[in-house]
Amino acid sequence: MRLTLWYAGVLALVLALFAILTYLLFAYTLQNQTNQTLSEIAGVFETTVNRELENEDKIVDSTKGSEAIRDATTELGFKDYQVFAFSSDNRLIAATKIADSDTQISPEIAESQLKTFSSKPNADFFDFENGGKSFRAFFYPFKLQSQNYSLLIVHSLDDQNELLARISYAFLISVPLALLFASFGGYFLAKKSLAPISEMSRAAEAITAKNLNERMPVKNERDELGSLASKFNELLSRLDVSFEQQRRFMADASHELRTPVAIVRGEADVILGKEKRAETEYRESFSIVQSEAERMTRIIEDLFTLARVDAGQQPLQKAAIYLDEILGEAVKSFRTVANKRNVTLEYKTPEEMKYSGDAQLLRRLFSNLIDNALKHAKSHVKVTNERRDDSYEINISDDGAGIPTDAQTHIFERFYRADKARSRNANVSAGSGAGLGLAISKFIAEAHDGRLALAKSDSHGSIFTVQFPAKK
Amino acid sequence: MRILLVEDEPRIANFVVKGLRDNAFAVDTAETGEAALYQAEINTYDAIILDVMIPEKDGLEVCRELREKGSQIPILMLTARDTVEDRISGLNFGADDYLTKPFAFGELIARLRAILRRREKSFEPTRITVDDLEIDTQSQRTWRGGQEIALTTKEFTVLEYLARNAGKVIGREEISEHCWDETYDPFTNTIEVFINRLRKKIDAEEGKTTLLHTKRGAGYVLGDLTAKENV
């Protein structure tokens, strides 16, 4: 509606301007034309008078001029143009007549007009009114045999004014009419073309986080609105996916926390449910509560790390470090665990690997991978550390049963556990056991411009590879 | 009452078993769905506490299979998932009740007792009365003629089972099935020992009717048999 109003307003302005300009141009042209005709008639009259005189003897006579003028007057007749000839003392010598009596000017009026006009200097054309009609007059002085004469040519402006009036009538009728039609047309056109937009806005209004699976109607995918709607739908799909991920993340996180909470609560309920117990029972119960509390702490830390990753605000505390050193420390910290599980942990000390990174995060990355390898290894875990041409490559391999093929693509996903039962029962040391370890490790590697990938996994074991670009 | 607990998280199983034993239940455990079905097949349980997320066959599947086999055993589902849909599917698959983790242990016991009661169609919630013997299954207290009798948890377990089946002859085997877990050794006279201890505690007072009777070759009966005969 507003659009239509704007449109009509602008159109009205344009049309009005056009009408006014046309009218003015017309009026100007007509006036010019009249003036030109008037001066042409004056010229013709003068030539005719001169020719009349030439036919006579070349005797200078004061009466001959007036004679010639009179002859010329009778000889010449101009349609709609009246010619009055005056002598130097403003006396009327002769006048032509025209057919139309309505616009006939009497010699007396011509004379009086000439008198009024003579007082105005330097003007050839002038307009006057007579009997409610407009006239244009042309004053033309000329010499004849060294005698001064003047002509007053009068033309009625009736026709001209009527034409202009018609033009303005035509404009006054056609412009509003055109405007009306254009406005209606514009309104319907706008309504029709905006209908999909209002439909889209209604659809958009109804979509919230709860029904992100709904889509906007797409009528014609090839027009602008259709493509806008499908772009909106693509946006909705992306939002839907990330909302779904968020929802699943929340559900998984709460599920992961539920188990340790259930254990702590149940353990406390049961132990307090009976009045007297042996001290060993209390001790056992408290140690369970303690280890579950530790597990919860780790899960919460992992979740917090991931939340910060998602918010894009995990500030790296980069410093000059040696990757081999951090890896060595990580390996060392797992020696006891490896011994307990009867797994040999082999580590080859390589050359120096100077790098810039966050030591704490990198330690966590290596610990997660070693812990993972130890959990799945049968008897052997090997950590190697090589410098390639333009990269540092760290391989962590185990001789476990390998990761099932269908699970391999999912292992870096959050909360994903290839084998639920096994990793749950294993004594967690570095990771929370919530299936977040590899997701976090991948993030750490990538935050350091590196890469973490599963290089190989079959029935003979798995190899995880971390690569960092080496600075030359 | 003998319960089968199906739970793959050992630390949860640990405290549930401990708590159930404290409450005079005999408990066996299974970690997988297959194991649960097998144990339910070979042993006699009064109820099953079943975790939904267990390996091999999940809890819902176990529940469905048990019902398909015609088992009427009360089943209490235990799960970490708590959406309405989860609860609905749990109940639709034939569970009697549903409890989400984490839970208050008292609630687990209360719900367990409730589903056991429903099977017995008993309206006296936690009190069982046999003649002038009264036992409260919740507080595990026993009275004879208003006089409280102190019993150990195991003695109470046996007495509770007999009281629930008052007037019926209960075989030794049946007692072992319902009051002991699978560690019970059938070649011992453990049950006789408990029955004797119970008899000493319940029927000790002079002038009272004897309530705990031995039916030679068949088993034991709890109840006032003389009164019954008179009727």
# chains A, B, ... in the order shown; residues from 1 in each chain; ligands from 1
$ interface_residues --of "chain B" --to "chain A" --cutoff "8 Å" --atoms "only C-alpha atoms" --output "list in words"
Asp8, Glu9, Pro10, Arg11, Ile12, Phe15, Val16, Lys18, Gly19, Asp22, Pro55, Ala80, Arg81, Lys101, Pro102, Phe103, Ala104, Phe105 and Gly106 of chain B
$ residues_around --residues "B:Arg144" --least-positions-apart "5" --cutoff "12 Å" --atoms "only C-alpha atoms" --output "ChimeraX atom specification"
/B:128-136,149-150,201-205,208-211
$ residues_around --residues "A:Tyr355" --least-positions-apart "6" --cutoff "6 Å" --atoms "only C-alpha atoms" --output "list in words"
Ala320, Ile321 and Tyr322 of chain A
$ write_last_selection --atoms "N, CA and C atoms" --output "PDB file, in the first residue's frame"
ATOM      1  N   ALA A 320      57.288 -20.721  22.877  1.00  0.00           N
ATOM      2  CA  ALA A 320      58.243 -21.568  22.162  1.00  0.00           C
ATOM      3  C   ALA A 320      58.398 -22.859  22.947  1.00  0.00           C
ATOM      4  N   ILE A 321      58.095 -23.985  22.320  1.00  0.00           N
ATOM      5  CA  ILE A 321      58.156 -25.267  23.026  1.00  0.00           C
ATOM      6  C   ILE A 321      58.841 -26.299  22.134  1.00  0.00           C
ATOM      7  N   TYR A 322      59.114 -27.451  22.732  1.00  0.00           N
ATOM      8  CA  TYR A 322      59.637 -28.568  21.953  1.00  0.00           C
ATOM      9  C   TYR A 322      58.611 -29.669  21.995  1.00  0.00           C
TER      10      TYR A 322
END
$ residues_around --residues "B:Arg67" --least-positions-apart "2" --cutoff "12 Å" --atoms "only C-alpha atoms" --output "mmCIF file with N, CA and C atoms, in the first residue's frame"
data_model
loop_
_atom_site.group_PDB
_atom_site.id
_atom_site.type_symbol
_atom_site.label_atom_id
_atom_site.label_comp_id
_atom_site.auth_asym_id
_atom_site.auth_seq_id
_atom_site.Cartn_x
_atom_site.Cartn_y
_atom_site.Cartn_z
ATOM 1 N N LEU B 37 18.360 -62.739 30.153
ATOM 2 C CA LEU B 37 17.339 -63.690 29.709
ATOM 3 C C LEU B 37 17.676 -65.101 30.187
ATOM 4 N N ALA B 40 17.081 -65.352 33.960
ATOM 5 C CA ALA B 40 15.658 -65.337 34.262
ATOM 6 C C ALA B 40 15.050 -66.699 33.938
ATOM 7 N N LEU B 60 14.729 -52.891 26.703
ATOM 8 C CA LEU B 60 13.391 -52.960 26.120
ATOM 9 C C LEU B 60 13.168 -54.313 25.458
ATOM 10 N N GLU B 61 14.219 -54.747 24.743
ATOM 11 C CA GLU B 61 14.139 -56.019 24.027
ATOM 12 C C GLU B 61 13.999 -57.178 25.023
ATOM 13 N N VAL B 62 14.793 -57.115 26.106
ATOM 14 C CA VAL B 62 14.732 -58.157 27.126
ATOM 15 C C VAL B 62 13.319 -58.228 27.696
ATOM 16 N N CYS B 63 12.773 -57.063 27.985
ATOM 17 C CA CYS B 63 11.445 -56.952 28.552
ATOM 18 C C CYS B 63 10.410 -57.583 27.619
ATOM 19 N N ARG B 64 10.530 -57.236 26.341
ATOM 20 C CA ARG B 64 9.570 -57.734 25.352
ATOM 21 C C ARG B 64 9.659 -59.260 25.242
ATOM 22 N N GLU B 65 10.898 -59.749 25.224
ATOM 23 C CA GLU B 65 11.058 -61.204 25.082
ATOM 24 C C GLU B 65 10.502 -61.961 26.277
ATOM 25 N N LYS B 69 7.410 -64.664 26.248
ATOM 26 C CA LYS B 69 7.488 -66.023 26.777
ATOM 27 C C LYS B 69 6.419 -66.257 27.831
ATOM 28 N N GLY B 70 5.649 -65.232 28.114
ATOM 29 C CA GLY B 70 4.545 -65.370 29.058
ATOM 30 C C GLY B 70 4.933 -65.102 30.493
ATOM 31 N N SER B 71 6.108 -64.563 30.704
ATOM 32 C CA SER B 71 6.538 -64.295 32.064
ATOM 33 C C SER B 71 5.732 -63.134 32.666
ATOM 34 N N GLN B 72 5.294 -63.317 33.890
ATOM 35 C CA GLN B 72 4.499 -62.297 34.574
ATOM 36 C C GLN B 72 5.347 -61.532 35.585
ATOM 37 N N ILE B 73 6.637 -61.800 35.560
ATOM 38 C CA ILE B 73 7.518 -61.251 36.591
ATOM 39 C C ILE B 73 7.501 -59.714 36.590
ATOM 40 N N PRO B 74 7.388 -59.132 37.784
ATOM 41 C CA PRO B 74 7.410 -57.659 37.836
ATOM 42 C C PRO B 74 8.753 -57.119 37.345
ATOM 43 N N ILE B 75 8.687 -56.106 36.466
ATOM 44 C CA ILE B 75 9.932 -55.533 35.922
ATOM 45 C C ILE B 75 9.978 -54.035 36.213
ATOM 46 N N LEU B 91 7.195 -48.679 29.230
ATOM 47 C CA LEU B 91 5.979 -49.264 29.793
ATOM 48 C C LEU B 91 5.249 -50.093 28.746
ATOM 49 N N ASN B 92 5.289 -49.611 27.493
ATOM 50 C CA ASN B 92 4.621 -50.358 26.430
ATOM 51 C C ASN B 92 5.282 -51.707 26.172
ATOM 52 N N PHE B 93 6.574 -51.786 26.420
ATOM 53 C CA PHE B 93 7.267 -53.048 26.194
ATOM 54 C C PHE B 93 7.023 -54.035 27.332
ATOM 55 N N GLY B 94 6.247 -53.637 28.316
ATOM 56 C CA GLY B 94 5.842 -54.582 29.348
ATOM 57 C C GLY B 94 6.454 -54.362 30.709
ATOM 58 N N ALA B 95 7.115 -53.213 30.892
ATOM 59 C CA ALA B 95 7.671 -52.937 32.215
ATOM 60 C C ALA B 95 6.540 -52.528 33.151
ATOM 61 N N ASP B 96 6.719 -52.796 34.445
ATOM 62 C CA ASP B 96 5.680 -52.422 35.401
ATOM 63 C C ASP B 96 5.883 -51.012 35.915
#
$ select_by_dssp --residues "stretch 92-190 of chain B" --states "alpha helix (DSSP H)" --output "PyMOL selection string"
chain B and resi 92+105-120+153-164+172-179+190
$ write_last_selection --atoms "C-alpha atoms" --output "tab-separated table (two decimals), in the first residue's frame"
chain	number	residue	atom	x	y	z
B	92	ASN	CA	4.62	-50.36	26.43
B	105	PHE	CA	17.61	-45.33	46.60
B	106	GLY	CA	14.56	-45.21	48.86
B	107	GLU	CA	12.44	-44.62	45.79
B	108	LEU	CA	13.88	-47.67	44.07
B	109	ILE	CA	12.96	-49.83	47.06
B	110	ALA	CA	9.51	-48.27	47.34
B	111	ARG	CA	8.77	-48.81	43.66
B	112	LEU	CA	10.13	-52.32	43.82
B	113	ARG	CA	7.85	-53.13	46.77
B	114	ALA	CA	4.96	-51.50	44.94
B	115	ILE	CA	5.30	-53.69	41.85
B	116	LEU	CA	5.75	-56.79	44.03
B	117	ARG	CA	2.57	-55.87	45.89
B	118	ARG	CA	0.65	-55.35	42.70
B	119	ARG	CA	1.41	-58.90	41.65
B	120	GLU	CA	0.14	-60.20	44.98
B	153	THR	CA	18.30	-59.37	57.72
B	154	LYS	CA	18.49	-62.93	56.42
B	155	GLU	CA	16.10	-64.27	59.05
B	156	PHE	CA	13.72	-61.50	58.09
B	157	THR	CA	14.04	-62.38	54.40
B	158	VAL	CA	12.98	-65.95	55.10
B	159	LEU	CA	10.17	-64.93	57.43
B	160	GLU	CA	8.89	-62.35	54.94
B	161	TYR	CA	8.73	-64.96	52.22
B	162	LEU	CA	6.88	-67.40	54.43
B	163	ALA	CA	4.52	-64.67	55.62
B	164	ARG	CA	3.72	-63.62	52.05
B	172	ARG	CA	13.13	-75.77	50.97
B	173	GLU	CA	14.03	-75.32	47.35
B	174	GLU	CA	11.51	-72.58	46.94
B	175	ILE	CA	12.87	-70.78	49.98
B	176	SER	CA	16.37	-70.99	48.60
B	177	GLU	CA	15.19	-69.68	45.25
B	178	HIS	CA	13.46	-66.69	46.69
B	179	CYS	CA	15.66	-65.83	49.63
B	190	THR	CA	21.53	-73.43	55.86
$ residues_around --residues "A:Thr22" --least-positions-apart "3" --cutoff "12 Å" --atoms "only C-alpha atoms" --output "list in words"
Leu15, Ala16, Leu17, Phe18, Ala19, Leu25, Phe26, Ala27, Tyr28, Thr29, Leu164, Ile167, Ser168, Ala170 and Phe171 of chain A
$ residues_around --residues "B:Asp51" --least-positions-apart "3" --cutoff "10 Å" --atoms "only C-alpha atoms" --output "list in words"
Leu5, Val6, Glu7, Asp8, Glu9, Ala13, Glu31, Thr32, Gly33, Ile48, Ile54, Asp58, Gly59, Leu60, Val62, Leu76, Met77, Leu78, Thr79, Ala80, Tyr98, Leu99, Thr100 and Lys101 of chain B
$ atom_distance --atom1 "atom CA of B:Asp97" --atom2 "atom CA of B:Arg141"
26.4 Å
$ residues_around --residues "stretch 381-385 of chain A" --least-positions-apart "6" --cutoff "6 Å" --atoms "only C-alpha atoms" --output "PyMOL selection string"
chain A and resi 345-348+350+393-398
$ atom_distance --atom1 "atom CA of A:Ala68" --atom2 "atom CA of A:Ser39"
19.8 Å
$ select_by_dssp --residues "stretch 119-162 of chain A" --states "strand (DSSP E or B)" --output "list of chain:residue names"
A:Phe125, A:Phe126, A:Asp127, A:Phe128, A:Glu129, A:Asn130, A:Lys133, A:Ser134, A:Phe135, A:Arg136, A:Ala137, A:Phe138, A:Phe139, A:Tyr140, A:Pro141, A:Phe142, A:Lys143, A:Leu144, A:Gln147, A:Asn148, A:Tyr149, A:Ser150, A:Leu151, A:Leu152, A:Ile153, A:Val154, A:His155, A:Ser156
$ write_last_selection --atoms "C-alpha atoms" --output "PDB file, in the first residue's frame"
ATOM      1  CA  PHE A 125       5.151  43.447 -30.093  1.00  0.00           C
ATOM      2  CA  PHE A 126       2.478  44.120 -27.591  1.00  0.00           C
ATOM      3  CA  ASP A 127      -0.736  42.529 -26.425  1.00  0.00           C
ATOM      4  CA  PHE A 128      -3.987  44.263 -25.731  1.00  0.00           C
ATOM      5  CA  GLU A 129      -7.521  43.426 -24.843  1.00  0.00           C
ATOM      6  CA  ASN A 130     -10.554  44.561 -26.717  1.00  0.00           C
ATOM      7  CA  LYS A 133     -10.699  39.280 -26.559  1.00  0.00           C
ATOM      8  CA  SER A 134      -6.924  39.234 -26.632  1.00  0.00           C
ATOM      9  CA  PHE A 135      -4.963  40.566 -29.500  1.00  0.00           C
ATOM     10  CA  ARG A 136      -1.352  40.789 -30.430  1.00  0.00           C
ATOM     11  CA  ALA A 137      -0.061  43.761 -32.281  1.00  0.00           C
ATOM     12  CA  PHE A 138       3.162  44.402 -34.158  1.00  0.00           C
ATOM     13  CA  PHE A 139       4.454  47.898 -34.548  1.00  0.00           C
ATOM     14  CA  TYR A 140       6.569  48.351 -37.621  1.00  0.00           C
ATOM     15  CA  PRO A 141       7.957  51.804 -38.596  1.00  0.00           C
ATOM     16  CA  PHE A 142       9.262  52.220 -42.112  1.00  0.00           C
ATOM     17  CA  LYS A 143      10.421  54.932 -44.465  1.00  0.00           C
ATOM     18  CA  LEU A 144       8.932  55.652 -47.827  1.00  0.00           C
ATOM     19  CA  GLN A 147       8.687  59.977 -45.261  1.00  0.00           C
ATOM     20  CA  ASN A 148       8.038  58.119 -41.988  1.00  0.00           C
ATOM     21  CA  TYR A 149       5.166  55.696 -41.831  1.00  0.00           C
ATOM     22  CA  SER A 150       4.273  52.993 -39.420  1.00  0.00           C
ATOM     23  CA  LEU A 151       2.308  49.795 -39.597  1.00  0.00           C
ATOM     24  CA  LEU A 152       0.294  48.188 -36.862  1.00  0.00           C
ATOM     25  CA  ILE A 153      -0.515  44.572 -37.596  1.00  0.00           C
ATOM     26  CA  VAL A 154      -3.067  43.037 -35.278  1.00  0.00           C
ATOM     27  CA  HIS A 155      -3.838  39.367 -34.832  1.00  0.00           C
ATOM     28  CA  SER A 156      -6.454  37.847 -32.651  1.00  0.00           C
TER      29      SER A 156
END
$ decode --residues "stretch 254-265 of chain A" --atoms "N, CA and C atoms" --output "PDB file, in the first residue's frame"
ATOM      1  N   SER A 254      24.274 -34.469  29.425  1.00  0.00           N
ATOM      2  CA  SER A 254      23.534 -34.732  30.664  1.00  0.00           C
ATOM      3  C   SER A 254      23.508 -36.235  30.931  1.00  0.00           C
ATOM      4  N   HIS A 255      23.477 -37.005  29.831  1.00  0.00           N
ATOM      5  CA  HIS A 255      23.495 -38.457  30.025  1.00  0.00           C
ATOM      6  C   HIS A 255      24.819 -38.914  30.622  1.00  0.00           C
ATOM      7  N   GLU A 256      25.913 -38.326  30.124  1.00  0.00           N
ATOM      8  CA  GLU A 256      27.225 -38.691  30.638  1.00  0.00           C
ATOM      9  C   GLU A 256      27.363 -38.339  32.119  1.00  0.00           C
ATOM     10  N   LEU A 257      26.769 -37.231  32.489  1.00  0.00           N
ATOM     11  CA  LEU A 257      26.887 -36.801  33.884  1.00  0.00           C
ATOM     12  C   LEU A 257      25.938 -37.583  34.791  1.00  0.00           C
ATOM     13  N   ARG A 258      24.880 -38.087  34.185  1.00  0.00           N
ATOM     14  CA  ARG A 258      23.868 -38.784  34.959  1.00  0.00           C
ATOM     15  C   ARG A 258      24.430 -40.013  35.683  1.00  0.00           C
ATOM     16  N   THR A 259      25.271 -40.754  34.966  1.00  0.00           N
ATOM     17  CA  THR A 259      25.784 -41.979  35.567  1.00  0.00           C
ATOM     18  C   THR A 259      26.615 -41.705  36.821  1.00  0.00           C
ATOM     19  N   PRO A 260      27.648 -40.854  36.747  1.00  0.00           N
ATOM     20  CA  PRO A 260      28.387 -40.603  37.995  1.00  0.00           C
ATOM     21  C   PRO A 260      27.519 -39.987  39.094  1.00  0.00           C
ATOM     22  N   VAL A 261      26.592 -39.144  38.718  1.00  0.00           N
ATOM     23  CA  VAL A 261      25.707 -38.559  39.734  1.00  0.00           C
ATOM     24  C   VAL A 261      24.866 -39.658  40.375  1.00  0.00           C
ATOM     25  N   ALA A 262      24.363 -40.567  39.525  1.00  0.00           N
ATOM     26  CA  ALA A 262      23.552 -41.668  40.044  1.00  0.00           C
ATOM     27  C   ALA A 262      24.363 -42.509  41.022  1.00  0.00           C
ATOM     28  N   ILE A 263      25.643 -42.720  40.659  1.00  0.00           N
ATOM     29  CA  ILE A 263      26.483 -43.546  41.530  1.00  0.00           C
ATOM     30  C   ILE A 263      26.719 -42.849  42.870  1.00  0.00           C
ATOM     31  N   VAL A 264      27.064 -41.571  42.806  1.00  0.00           N
ATOM     32  CA  VAL A 264      27.333 -40.829  44.045  1.00  0.00           C
ATOM     33  C   VAL A 264      26.095 -40.833  44.935  1.00  0.00           C
ATOM     34  N   ARG A 265      24.985 -40.539  44.315  1.00  0.00           N
ATOM     35  CA  ARG A 265      23.751 -40.443  45.085  1.00  0.00           C
ATOM     36  C   ARG A 265      23.341 -41.802  45.647  1.00  0.00           C
TER      37      ARG A 265
END
